[in-house]
>>> print(open('protein.txt').read())   # compact mmCIF, C-alpha atoms and all ligand atoms
# COMPACT_ATOMS: atom_id res chain seq x y z
CA MET A 222 36.72 61.38 -21.76
CA ARG A 223 37.00 59.17 -18.71
CA ILE A 224 39.38 60.53 -16.05
CA ASN A 225 41.51 57.38 -15.92
CA LYS A 226 42.28 57.77 -19.63
CA ILE A 227 44.36 60.92 -18.87
CA PRO A 228 48.00 59.67 -18.68
CA ILE A 229 48.77 60.86 -15.12
CA PHE A 230 45.53 59.35 -13.79
CA SER A 231 45.96 56.14 -15.76
CA VAL A 232 49.42 55.70 -14.17
CA GLY A 233 47.79 56.11 -10.74
CA GLN A 234 45.00 53.74 -11.73
CA ASN A 235 47.42 51.05 -12.97
CA HIS A 236 50.10 51.36 -10.31
CA LEU A 237 48.19 52.30 -7.17
CA ILE A 238 44.67 51.02 -7.55
CA ASP A 239 44.70 48.06 -9.94
CA TYR A 240 48.31 46.98 -9.25
CA PRO A 241 48.08 43.15 -9.02
CA SER A 242 49.40 42.08 -5.60
CA PRO A 243 49.88 38.46 -4.50
CA LYS A 244 47.03 37.37 -2.21
CA ASN A 245 49.38 35.86 0.33
CA ILE A 246 51.70 38.79 1.13
CA SER A 247 51.95 39.41 4.85
CA TYR A 248 52.22 42.53 7.00
CA PHE A 249 55.97 42.45 6.35
CA TRP A 250 55.18 43.73 2.85
CA GLY A 251 53.87 46.91 4.45
CA PHE A 252 57.31 48.22 5.43
CA GLY A 253 58.02 49.63 1.95
CA LEU A 254 54.95 51.85 2.14
CA LEU A 255 55.83 52.79 5.73
CA SER A 256 59.30 53.85 4.55
CA GLY A 257 57.72 56.06 1.89
CA PHE A 258 55.35 57.51 4.49
CA ILE A 259 58.22 58.44 6.84
CA LEU A 260 60.23 59.86 3.94
CA PHE A 261 57.29 62.18 3.21
CA VAL A 262 56.98 63.20 6.89
CA GLN A 263 60.75 63.88 7.07
CA ILE A 264 60.64 66.12 3.99
CA VAL A 265 57.63 68.12 5.22
CA THR A 266 58.96 68.60 8.78
CA GLY A 267 62.46 69.31 7.39
CA ILE A 268 61.17 72.12 5.17
CA PHE A 269 59.42 73.76 8.13
CA LEU A 270 62.49 73.32 10.35
CA ALA A 271 64.67 74.95 7.69
CA ILE A 272 62.48 78.06 7.90
CA HIS A 273 63.67 78.64 11.47
CA TYR A 274 67.09 76.97 11.51
CA THR A 275 70.31 78.96 10.89
CA PRO A 276 73.35 77.12 9.45
CA ASN A 277 75.95 79.27 11.16
CA VAL A 278 78.25 77.87 13.83
CA SER A 279 77.61 80.78 16.20
CA ILE A 280 73.84 80.36 16.30
CA ALA A 281 72.99 76.90 14.87
CA PHE A 282 72.69 75.37 18.34
CA ILE A 283 70.63 78.31 19.65
CA SER A 284 68.42 78.27 16.57
CA VAL A 285 67.45 74.66 17.36
CA GLU A 286 66.71 75.67 20.97
CA HIS A 287 64.68 78.57 19.58
CA ILE A 288 62.66 76.13 17.44
CA ILE A 289 61.95 73.97 20.51
CA ARG A 290 61.12 76.82 22.89
CA ASP A 291 59.74 79.75 20.88
CA VAL A 292 58.32 78.53 17.59
CA PHE A 293 54.66 77.52 17.70
CA SER A 294 54.64 73.70 17.96
CA GLY A 295 58.34 73.87 17.08
CA TRP A 296 59.18 71.25 19.70
CA LEU A 297 56.80 68.86 17.94
CA LEU A 298 58.29 69.63 14.55
CA ARG A 299 61.82 69.08 15.80
CA TYR A 300 61.08 65.88 17.65
CA ILE A 301 59.05 64.40 14.78
CA HIS A 302 62.05 65.05 12.52
CA SER A 303 64.76 63.74 14.88
CA ASN A 304 62.78 60.66 15.97
CA GLY A 305 61.50 60.29 12.40
CA ALA A 306 65.09 59.67 11.27
CA SER A 307 65.39 56.81 13.77
CA PHE A 308 62.03 55.36 12.75
CA PHE A 309 62.98 55.64 9.09
CA PHE A 310 65.96 53.39 9.76
CA ILE A 311 63.94 50.98 11.93
CA VAL A 312 61.35 50.57 9.19
CA VAL A 313 63.95 50.28 6.41
CA TYR A 314 65.93 47.70 8.41
CA PHE A 315 62.73 45.62 8.68
CA HIS A 316 62.25 46.14 4.94
CA ILE A 317 65.79 44.95 4.12
CA PHE A 318 65.68 41.92 6.43
CA ARG A 319 62.27 40.98 5.03
CA GLY A 320 63.82 41.10 1.55
CA LEU A 321 66.76 38.98 2.69
CA PHE A 322 64.53 36.42 4.41
CA TYR A 323 62.11 35.94 1.52
CA GLY A 324 64.74 36.18 -1.22
CA SER A 325 63.14 39.26 -2.77
CA PHE A 326 66.50 40.14 -4.35
CA VAL A 327 66.64 36.98 -6.47
CA ASN A 328 66.28 37.12 -10.28
CA PRO A 329 64.38 38.97 -11.80
CA ARG A 330 64.43 41.56 -8.96
CA GLU A 331 68.18 42.40 -8.99
CA ALA A 332 67.64 46.00 -10.18
CA LEU A 333 64.96 46.50 -7.53
CA TRP A 334 67.36 45.34 -4.80
CA CYS A 335 70.27 47.43 -6.12
CA SER A 336 68.09 50.57 -6.28
CA GLY A 337 67.24 49.84 -2.62
CA VAL A 338 70.93 49.66 -1.71
CA VAL A 339 71.49 53.07 -3.38
CA ILE A 340 68.58 54.47 -1.36
CA PHE A 341 70.09 53.02 1.81
CA ILE A 342 73.48 54.65 1.12
CA LEU A 343 71.78 58.00 0.45
CA MET A 344 69.79 57.59 3.67
CA MET A 345 72.97 57.02 5.62
CA GLY A 346 74.55 60.14 4.11
CA THR A 347 71.44 62.19 4.88
CA GLY A 348 71.28 60.89 8.47
CA PHE A 349 74.96 61.60 9.08
CA ILE A 350 74.96 65.19 7.81
CA GLY A 351 71.60 65.90 9.45
CA TYR A 352 73.01 64.98 12.85
CA VAL A 353 75.73 67.64 12.39
CA LEU A 354 73.21 70.48 11.97
CA PRO A 355 72.20 71.01 15.66
CA TRP A 356 75.91 71.72 16.25
CA GLY A 357 76.11 69.96 19.61
CA GLN A 358 79.18 68.16 20.91
CA MET A 359 78.28 64.86 19.21
CA SER A 360 77.47 66.69 15.97
CA PHE A 361 80.87 68.33 15.89
CA TRP A 362 82.97 65.42 17.05
CA GLY A 363 81.01 62.83 15.06
CA ALA A 364 81.58 64.94 11.93
CA THR A 365 85.27 65.33 12.80
CA VAL A 366 85.83 61.59 13.33
CA ILE A 367 83.91 60.42 10.27
CA THR A 368 85.20 63.03 7.79
CA ASN A 369 88.74 62.32 9.03
CA LEU A 370 88.33 58.74 7.79
CA ILE A 371 88.64 60.07 4.25
CA SER A 372 92.26 61.01 5.03
CA ALA A 373 93.05 57.26 5.05
CA ILE A 374 92.79 57.25 1.24
CA PRO A 375 96.40 57.14 -0.01
CA LEU A 376 97.81 60.25 -1.77
CA VAL A 377 94.61 62.26 -2.22
CA GLY A 378 92.90 61.60 1.16
CA ASP A 379 94.16 64.69 2.98
CA SER A 380 93.25 67.01 0.11
CA ILE A 381 89.75 65.54 -0.10
CA VAL A 382 89.22 66.08 3.64
CA LEU A 383 90.17 69.78 3.32
CA TRP A 384 87.83 70.05 0.34
CA VAL A 385 84.96 68.46 2.30
CA TRP A 386 85.58 70.68 5.33
CA GLY A 387 85.99 73.83 3.23
CA GLY A 388 88.86 74.78 5.54
CA PHE A 389 91.33 73.28 7.96
CA SER A 390 88.80 71.81 10.41
CA VAL A 391 85.08 71.12 10.70
CA ASP A 392 83.74 74.68 10.85
CA ASN A 393 81.26 77.14 9.38
CA PRO A 394 81.83 76.20 5.70
CA THR A 395 81.36 72.53 6.65
CA LEU A 396 78.08 73.28 8.41
CA ASN A 397 76.87 75.33 5.44
CA ARG A 398 77.56 72.67 2.85
CA PHE A 399 76.12 69.94 5.09
CA PHE A 400 72.93 71.94 5.44
CA SER A 401 72.70 72.39 1.69
CA LEU A 402 73.28 68.67 1.05
CA HIS A 403 70.91 67.66 3.83
CA TYR A 404 68.19 69.59 2.01
CA LEU A 405 69.11 68.04 -1.35
CA PHE A 406 69.59 64.35 -0.51
CA PRO A 407 65.97 63.53 0.49
CA PHE A 408 64.86 64.66 -2.97
CA LEU A 409 67.44 62.38 -4.54
CA ILE A 410 66.00 59.61 -2.37
CA VAL A 411 62.52 60.44 -3.71
CA GLY A 412 63.89 60.06 -7.25
CA PHE A 413 65.38 56.68 -6.42
CA VAL A 414 62.17 55.60 -4.68
CA PHE A 415 60.31 56.17 -7.97
CA LEU A 416 62.96 54.10 -9.75
CA HIS A 417 62.61 51.48 -7.01
CA LEU A 418 58.84 51.34 -7.53
CA ALA A 419 59.23 51.20 -11.31
CA CYS A 420 61.55 48.18 -10.85
CA LEU A 421 59.06 46.61 -8.43
CA HIS A 422 56.13 47.00 -10.81
CA LEU A 423 58.12 45.51 -13.68
CA HIS A 424 57.94 41.99 -12.22
CA GLY A 425 55.49 42.48 -9.33
CA SER A 426 55.96 41.71 -5.65
CA ASN A 427 57.53 38.58 -4.32
CA ASN A 428 55.54 36.75 -1.61
CA PRO A 429 56.14 34.61 1.51
CA ILE A 430 56.39 31.32 -0.42
CA GLY A 431 58.57 32.82 -3.14
CA LEU A 432 56.64 31.17 -5.99
CA ASN A 433 55.09 33.02 -8.91
CA THR A 434 51.53 33.85 -7.86
CA TYR A 435 50.73 36.20 -10.74
CA ASN A 436 47.54 34.31 -11.55
CA ASN A 437 46.56 34.48 -7.92
CA SER A 438 46.69 38.25 -7.47
CA ILE A 439 44.19 40.79 -6.21
CA PRO A 440 44.14 44.56 -6.82
CA PHE A 441 46.13 46.74 -4.42
CA TYR A 442 43.03 48.83 -3.71
CA PRO A 443 41.11 48.23 -1.49
CA TYR A 444 42.78 45.07 -0.07
CA PHE A 445 46.35 46.18 0.60
CA PHE A 446 45.33 49.78 1.02
CA ILE A 447 43.41 48.67 4.13
CA LYS A 448 46.15 46.26 5.25
CA ASP A 449 48.87 48.93 4.91
CA SER A 450 46.67 51.51 6.66
CA LEU A 451 46.74 49.30 9.74
CA GLY A 452 50.56 49.31 9.52
CA ILE A 453 50.59 53.13 9.38
CA PHE A 454 48.19 53.28 12.33
CA ILE A 455 50.41 51.01 14.47
CA LEU A 456 53.52 52.93 13.41
CA LEU A 457 51.88 56.19 14.49
CA ILE A 458 51.00 54.74 17.91
CA VAL A 459 54.55 53.49 18.56
CA PHE A 460 56.02 56.70 17.14
CA SER A 461 53.75 58.85 19.35
CA PHE A 462 54.88 56.91 22.40
CA PHE A 463 58.49 57.91 21.74
CA LEU A 464 57.55 61.41 20.62
CA PHE A 465 55.43 62.35 23.61
CA PHE A 466 57.06 60.33 26.42
CA TYR A 467 60.73 59.78 25.47
CA PRO A 468 61.57 62.26 22.70
CA ASN A 469 65.30 62.23 23.49
CA ILE A 470 65.85 58.59 24.31
CA LEU A 471 67.15 57.72 20.84
CA GLY A 472 69.61 60.64 20.83
CA HIS A 473 72.78 61.32 22.82
CA PRO A 474 72.65 63.69 25.84
CA ASP A 475 76.00 65.28 24.82
CA ASN A 476 74.29 66.79 21.81
CA TYR A 477 72.55 69.19 24.19
CA ILE A 478 76.00 70.68 24.92
CA PRO A 479 77.01 73.29 22.30
CA ALA A 480 79.87 72.16 20.04
CA ASN A 481 83.26 72.94 21.51
CA PRO A 482 86.28 72.24 19.29
CA ILE A 483 88.69 72.31 22.26
CA VAL A 484 86.84 69.83 24.52
CA THR A 485 86.65 66.26 23.20
CA PRO A 486 83.75 64.21 24.67
CA ALA A 487 84.83 61.19 26.74
CA HIS A 488 83.20 58.83 24.26
CA ILE A 489 82.25 59.70 20.67
CA VAL A 490 79.42 57.58 19.28
CA PRO A 491 77.31 57.95 16.14
CA GLU A 492 73.52 57.62 16.08
CA TRP A 493 72.30 54.15 17.02
CA TYR A 494 71.50 53.14 13.44
CA PHE A 495 75.16 53.45 12.43
CA LEU A 496 76.50 51.48 15.39
CA PRO A 497 76.93 48.09 13.63
CA PHE A 498 78.97 49.76 10.88
CA TYR A 499 80.93 51.76 13.46
CA ALA A 500 81.78 48.48 15.23
CA ILE A 501 82.95 47.00 11.92
CA LEU A 502 85.13 50.08 11.30
CA ARG A 503 86.77 49.76 14.70
CA SER A 504 87.26 46.00 14.52
CA ILE A 505 90.26 46.48 12.18
CA PRO A 506 93.26 48.04 13.96
CA HIS A 507 94.31 49.88 10.78
CA LYS A 508 92.72 53.13 9.58
CA LEU A 509 92.53 52.40 5.83
CA GLY A 510 91.65 48.75 6.49
CA GLY A 511 88.82 49.81 8.81
CA VAL A 512 87.44 52.29 6.28
CA ILE A 513 87.54 49.72 3.45
CA ILE A 514 85.85 47.06 5.54
CA MET A 515 83.14 49.47 6.75
CA PHE A 516 82.22 50.64 3.25
CA GLY A 517 82.57 47.04 2.08
CA ALA A 518 79.97 46.04 4.69
CA ILE A 519 77.43 48.30 2.98
CA LEU A 520 78.51 47.74 -0.62
CA CYS A 521 78.52 43.94 -0.46
CA PHE A 522 74.70 44.10 -0.31
CA ILE A 523 74.85 45.03 -4.01
CA PHE A 524 76.40 41.65 -4.87
CA ILE A 525 73.88 39.47 -3.03
CA PRO A 526 71.46 39.02 -5.99
CA PHE A 527 74.33 37.92 -8.20
CA ILE A 528 75.98 35.41 -5.88
CA THR A 529 72.93 33.67 -4.44
CA SER A 530 72.53 30.09 -5.59
CA SER A 531 69.40 28.81 -3.89
CA GLU A 532 66.64 27.09 -5.83
CA PHE A 533 64.20 28.44 -3.25
CA LYS A 534 63.59 32.11 -2.66
CA SER A 535 61.86 31.90 0.68
CA THR A 536 63.93 31.02 3.74
CA SER A 537 60.79 29.36 5.18
CA PHE A 538 61.71 26.26 3.14
CA ARG A 539 65.43 26.31 3.99
CA PRO A 540 65.90 24.97 7.54
CA LEU A 541 69.69 25.27 7.63
CA PHE A 542 69.80 28.72 6.04
CA LYS A 543 67.00 29.87 8.35
CA LYS A 544 69.19 29.23 11.43
CA LEU A 545 72.16 30.99 9.85
CA PHE A 546 69.91 33.90 8.87
CA TRP A 547 68.69 34.41 12.44
CA LEU A 548 72.26 34.15 13.64
CA PHE A 549 73.07 36.99 11.21
CA VAL A 550 70.25 39.09 12.71
CA VAL A 551 71.63 38.47 16.22
CA ASP A 552 75.11 39.25 14.89
CA CYS A 553 73.92 42.69 13.68
CA PHE A 554 72.51 43.43 17.16
CA VAL A 555 75.79 42.32 18.76
CA LEU A 556 77.69 44.63 16.40
CA GLY A 557 75.36 47.47 17.40
CA TRP A 558 76.05 46.78 21.06
CA VAL A 559 79.82 46.58 20.48
CA GLY A 560 79.68 49.87 18.54
CA GLN A 561 78.50 51.80 21.57
CA ASN A 562 81.22 50.47 23.87
CA GLU A 563 84.83 51.50 24.36
CA VAL A 564 87.50 50.00 22.10
CA GLU A 565 88.83 47.60 24.72
CA SER A 566 88.77 43.91 25.55
CA PRO A 567 86.40 41.99 25.32
CA PHE A 568 84.53 44.34 22.94
CA ILE A 569 87.39 44.29 20.44
CA GLU A 570 87.37 40.49 20.17
CA ILE A 571 83.56 40.23 20.15
CA GLY A 572 83.48 42.92 17.45
CA GLN A 573 86.04 41.07 15.33
CA ILE A 574 84.21 37.74 15.56
CA SER A 575 80.89 39.44 14.74
CA THR A 576 82.46 41.30 11.80
CA LEU A 577 83.82 38.01 10.51
CA TYR A 578 80.40 36.34 10.68
CA TYR A 579 78.80 39.40 9.03
CA PHE A 580 80.96 38.94 5.93
CA VAL A 581 80.90 35.15 6.03
CA PHE A 582 77.10 35.20 6.00
CA LEU A 583 76.79 37.68 3.13
CA LEU A 584 79.65 36.49 0.95
CA VAL A 585 80.05 32.80 1.76
CA ILE A 586 76.89 31.37 3.34
CA ILE A 587 74.50 32.99 0.84
CA PRO A 588 76.28 31.56 -2.24
CA ILE A 589 77.22 28.20 -0.69
CA THR A 590 74.13 27.01 1.20
CA GLY A 591 72.03 27.06 -2.00
CA ARG A 592 74.48 24.68 -3.70
CA PHE A 593 74.59 22.47 -0.63
CA GLU A 594 70.77 22.33 -0.48
CA SER A 595 70.57 21.47 -4.21
CA SER A 596 72.99 18.57 -3.80
CA VAL A 597 71.02 17.27 -0.78
CA ILE A 598 67.79 17.44 -2.82
CA ARG A 599 69.40 15.58 -5.74
CA TYR A 600 70.72 12.94 -3.33
CA VAL A 601 67.31 12.44 -1.68
CA LYS A 602 65.59 12.20 -5.10
C1 LIG B 1 63.25 55.17 1.26
C2 LIG B 1 63.43 53.87 1.37
C3 LIG B 1 62.58 52.84 0.68
C4 LIG B 1 61.30 52.95 0.24
C5 LIG B 1 60.36 54.14 0.36
C6 LIG B 1 60.94 51.67 -0.34
C7 LIG B 1 59.71 51.38 -0.90
C8 LIG B 1 59.31 50.13 -1.30
C9 LIG B 1 57.95 49.74 -1.57
C10 LIG B 1 56.72 50.66 -1.46
C11 LIG B 1 57.95 48.44 -1.91
C12 LIG B 1 56.72 47.56 -2.23
C13 LIG B 1 56.11 47.09 -0.91
C14 LIG B 1 56.99 46.11 -0.19
O1 LIG B 1 57.32 45.07 -0.76
O2 LIG B 1 57.36 46.39 0.97
C15 LIG B 1 59.32 47.97 -1.91
C16 LIG B 1 59.74 46.71 -2.23
C17 LIG B 1 61.05 46.26 -2.15
N1 LIG B 1 62.13 46.96 -1.66
FE1 LIG B 1 62.10 48.88 -0.99
N2 LIG B 1 62.01 50.84 -0.29
C18 LIG B 1 63.03 51.50 0.34
C19 LIG B 1 64.30 51.00 0.62
C20 LIG B 1 64.76 49.73 0.26
C21 LIG B 1 66.07 49.19 0.57
C22 LIG B 1 67.13 49.95 1.36
C23 LIG B 1 66.12 47.93 0.02
C24 LIG B 1 67.23 46.92 0.04
C25 LIG B 1 68.47 47.15 0.04
C26 LIG B 1 64.85 47.66 -0.60
C27 LIG B 1 64.52 46.50 -1.27
C28 LIG B 1 63.25 46.16 -1.71
C29 LIG B 1 62.87 44.89 -2.30
C30 LIG B 1 63.80 43.70 -2.57
C31 LIG B 1 61.50 44.95 -2.56
C32 LIG B 1 60.63 43.84 -3.19
C33 LIG B 1 59.94 43.13 -2.09
C34 LIG B 1 59.13 41.98 -2.57
O3 LIG B 1 58.47 42.09 -3.58
O4 LIG B 1 59.17 40.96 -1.85
N3 LIG B 1 64.05 48.77 -0.44
N4 LIG B 1 60.12 49.03 -1.52
>>> encode(input="protein.txt", output="structure tokens", more="lines below")
Ligand code: HEM
Amino acid sequence: MRINKIPIFSVGQNHLIDYPSPKNISYFWGFGLLSGFILFVQIVTGIFLAIHYTPNVSIAFISVEHIIRDVFSGWLLRYIHSNGASFFFIVVYFHIFRGLFYGSFVNPREALWCSGVVIFILMMGTGFIGYVLPWGQMSFWGATVITNLISAIPLVGDSIVLWVWGGFSVDNPTLNRFFSLHYLFPFLIVGFVFLHLACLHLHGSNNPIGLNTYNNSIPFYPYFFIKDSLGIFILLIVFSFFLFFYPNILGHPDNYIPANPIVTPAHIVPEWYFLPFYAILRSIPHKLGGVIIMFGAILCFIFIPFITSSEFKSTSFRPLFKKLFWLFVVDCFVLGWVGQNEVESPFIEIGQISTLYYFVFLLVIIPITGRFESSVIRYVK
């Protein structure tokens, strides 16, 4: 019996080796594999960190110091994991913007896109609770601020917050449950990644011109195996630069101060990858309104495949939309910048304008420009 006739091997043969990939896909199609690679690295380093970490408020901070100072190569393990989280988001943000630019969410890939949004939400949850574990000042106060948002829910909000905390403030029970969930969530992400890949392989990959190139495909191995290997190689070089020269640059210095519930830091900020959403939250001067708009900013990604109206998938052929798309990218950076500043003028106003454009782009420009382009084409014809 030939080995690729055994079911598990035939799945590998069909979906990894022979998988028909469009000839023209660019390096931007490598970010999905890079995301999977970092997910794997995060799980492996996380398991080893958990061997030495202690989820107890009295020694959690010291246990992380112990990992860095005493455990053999513990510093490397810890910094790979903490910087790995940042790189995971960098790579996934590239992946999402690539999908937006080339219309990879358009019919028939709606399920693929929606599974990606679920992965993104799980990633955000994992990143948030993971940042609490070192039990530094930012861990504690970040957890306090964000969990407190739940109290904005009318009637049941306060009870839910107490339930999440496991007490009357962020404390030992909170740390314990966050540790447990932080161990669980990555495996949920793995499950959704398999679903994501199943959805991808149902209709095949999109490509830079957005036209069906099924008859113009080549097998994944060896062509894209080699192409993606170069991506992994470059990622490792950039990652090593941060790891070995600036391992703390993406974190906040206050998190090297042990958590102190009676001293509030001058300025509480989340990790950099949450900053745009943090800016959106703070752009509404009403607690419940801010919470709704922040979660709305993430959830509205789900609707994109169903409201788009363009006859073209790829933005390359949409000159007007292309400009608005790049403005959206700049807008996200501006929101990130606003998110790390104080809530004062002019950051409030800039944040509000940027929040407005964020929603206008996703909920108005995406559905409307397609119709406008179609009418221009009909007119020209
Ligand atoms: C753990 C996180 C993720 C992993 C491991 C992952 C993995 C992958 C892989 C391996 C591919 C095929 C290669 C490629 O096209 O890049 C892919 C495609 C895709 N992913 Fe993801 N993904 C993740 C998150 C997301 C998110 C957050 C979204 C969007 C919200 C998303 C949307 C898509 C789309 C639309 C495609 C099809 C691209 C095309 O064919 O043009 N993915 N993903």
>>> closest_residue(input="protein.txt", among="A:Glu286, A:Asp475, A:Glu331, A:Glu492", to="ligand LIG 1 (chain B)", atoms="all atoms listed in the file")
A:Glu331
>>> closest_residue(input="protein.txt", among="A:Gln263, A:Ser325, A:Ser247, A:Asn481", to="ligand LIG 1 (chain B)", atoms="all atoms listed in the file")
A:Ser325
>>> residues_near_ligand(input="protein.txt", ligand="ligand LIG 1 (chain B)", cutoff="7 Å", atoms="only C-alpha atoms and all ligand atoms", output="MDAnalysis selection string")
chainID A and resid 249:254 256:257 260 313 316:317 320 323 325:326 330 333:335 337:338 340:341 410 414 417:418 421 425:428 522
>>> write_last_selection(input="protein.txt", atoms="C-alpha atoms", output="PDB file, in the coordinates of the input")
ATOM      1  CA  PHE A 249      55.970  42.450   6.350  1.00  0.00           C
ATOM      2  CA  TRP A 250      55.180  43.730   2.850  1.00  0.00           C
ATOM      3  CA  GLY A 251      53.870  46.910   4.450  1.00  0.00           C
ATOM      4  CA  PHE A 252      57.310  48.220   5.430  1.00  0.00           C
ATOM      5  CA  GLY A 253      58.020  49.630   1.950  1.00  0.00           C
ATOM      6  CA  LEU A 254      54.950  51.850   2.140  1.00  0.00           C
ATOM      7  CA  SER A 256      59.300  53.850   4.550  1.00  0.00           C
ATOM      8  CA  GLY A 257      57.720  56.060   1.890  1.00  0.00           C
ATOM      9  CA  LEU A 260      60.230  59.860   3.940  1.00  0.00           C
ATOM     10  CA  VAL A 313      63.950  50.280   6.410  1.00  0.00           C
ATOM     11  CA  HIS A 316      62.250  46.140   4.940  1.00  0.00           C
ATOM     12  CA  ILE A 317      65.790  44.950   4.120  1.00  0.00           C
ATOM     13  CA  GLY A 320      63.820  41.100   1.550  1.00  0.00           C
ATOM     14  CA  TYR A 323      62.110  35.940   1.520  1.00  0.00           C
ATOM     15  CA  SER A 325      63.140  39.260  -2.770  1.00  0.00           C
ATOM     16  CA  PHE A 326      66.500  40.140  -4.350  1.00  0.00           C
ATOM     17  CA  ARG A 330      64.430  41.560  -8.960  1.00  0.00           C
ATOM     18  CA  LEU A 333      64.960  46.500  -7.530  1.00  0.00           C
ATOM     19  CA  TRP A 334      67.360  45.340  -4.800  1.00  0.00           C
ATOM     20  CA  CYS A 335      70.270  47.430  -6.120  1.00  0.00           C
ATOM     21  CA  GLY A 337      67.240  49.840  -2.620  1.00  0.00           C
ATOM     22  CA  VAL A 338      70.930  49.660  -1.710  1.00  0.00           C
ATOM     23  CA  ILE A 340      68.580  54.470  -1.360  1.00  0.00           C
ATOM     24  CA  PHE A 341      70.090  53.020   1.810  1.00  0.00           C
ATOM     25  CA  ILE A 410      66.000  59.610  -2.370  1.00  0.00           C
ATOM     26  CA  VAL A 414      62.170  55.600  -4.680  1.00  0.00           C
ATOM     27  CA  HIS A 417      62.610  51.480  -7.010  1.00  0.00           C
ATOM     28  CA  LEU A 418      58.840  51.340  -7.530  1.00  0.00           C
ATOM     29  CA  LEU A 421      59.060  46.610  -8.430  1.00  0.00           C
ATOM     30  CA  GLY A 425      55.490  42.480  -9.330  1.00  0.00           C
ATOM     31  CA  SER A 426      55.960  41.710  -5.650  1.00  0.00           C
ATOM     32  CA  ASN A 427      57.530  38.580  -4.320  1.00  0.00           C
ATOM     33  CA  ASN A 428      55.540  36.750  -1.610  1.00  0.00           C
ATOM     34  CA  PHE A 522      74.700  44.100  -0.310  1.00  0.00           C
TER      35      PHE A 522
END
>>> closest_residue(input="protein.txt", among="A:Asn369, A:Gly233, A:Glu565, A:Ile453", to="Phe389 of chain A", atoms="all atoms listed in the file")
A:Asn369
>>> closest_residue(input="protein.txt", among="A:Val278, A:Ile489, A:Ile311, A:Leu583", to="Gln358 of chain A", atoms="only C-alpha atoms")
A:Ile489
>>> closest_residue(input="protein.txt", among="A:Pro479, A:Pro329, A:Gly560, A:Gly324", to="Phe546 of chain A", atoms="all atoms listed in the file")
A:Gly324
>>> closest_residue(input="protein.txt", among="A:Trp547, A:Phe542, A:Trp386, A:Phe568", to="Ile586 of chain A", atoms="all atoms listed in the file")
A:Phe542
>>> atom_distance(input="protein.txt", atom1="atom CA of Ile513 of chain A", atom2="atom CA of Thr485 of chain A")
25.8 Å
>>> axis_aligned_box(input="protein.txt", around="segment 442-459 of chain A", padding_each_side="6 Å", output="lines of an AutoDock Vina configuration file")
center_x = 47.8
center_y = 50.6
center_z = 7.4
size_x = 25.4
size_y = 23.1
size_z = 34.3
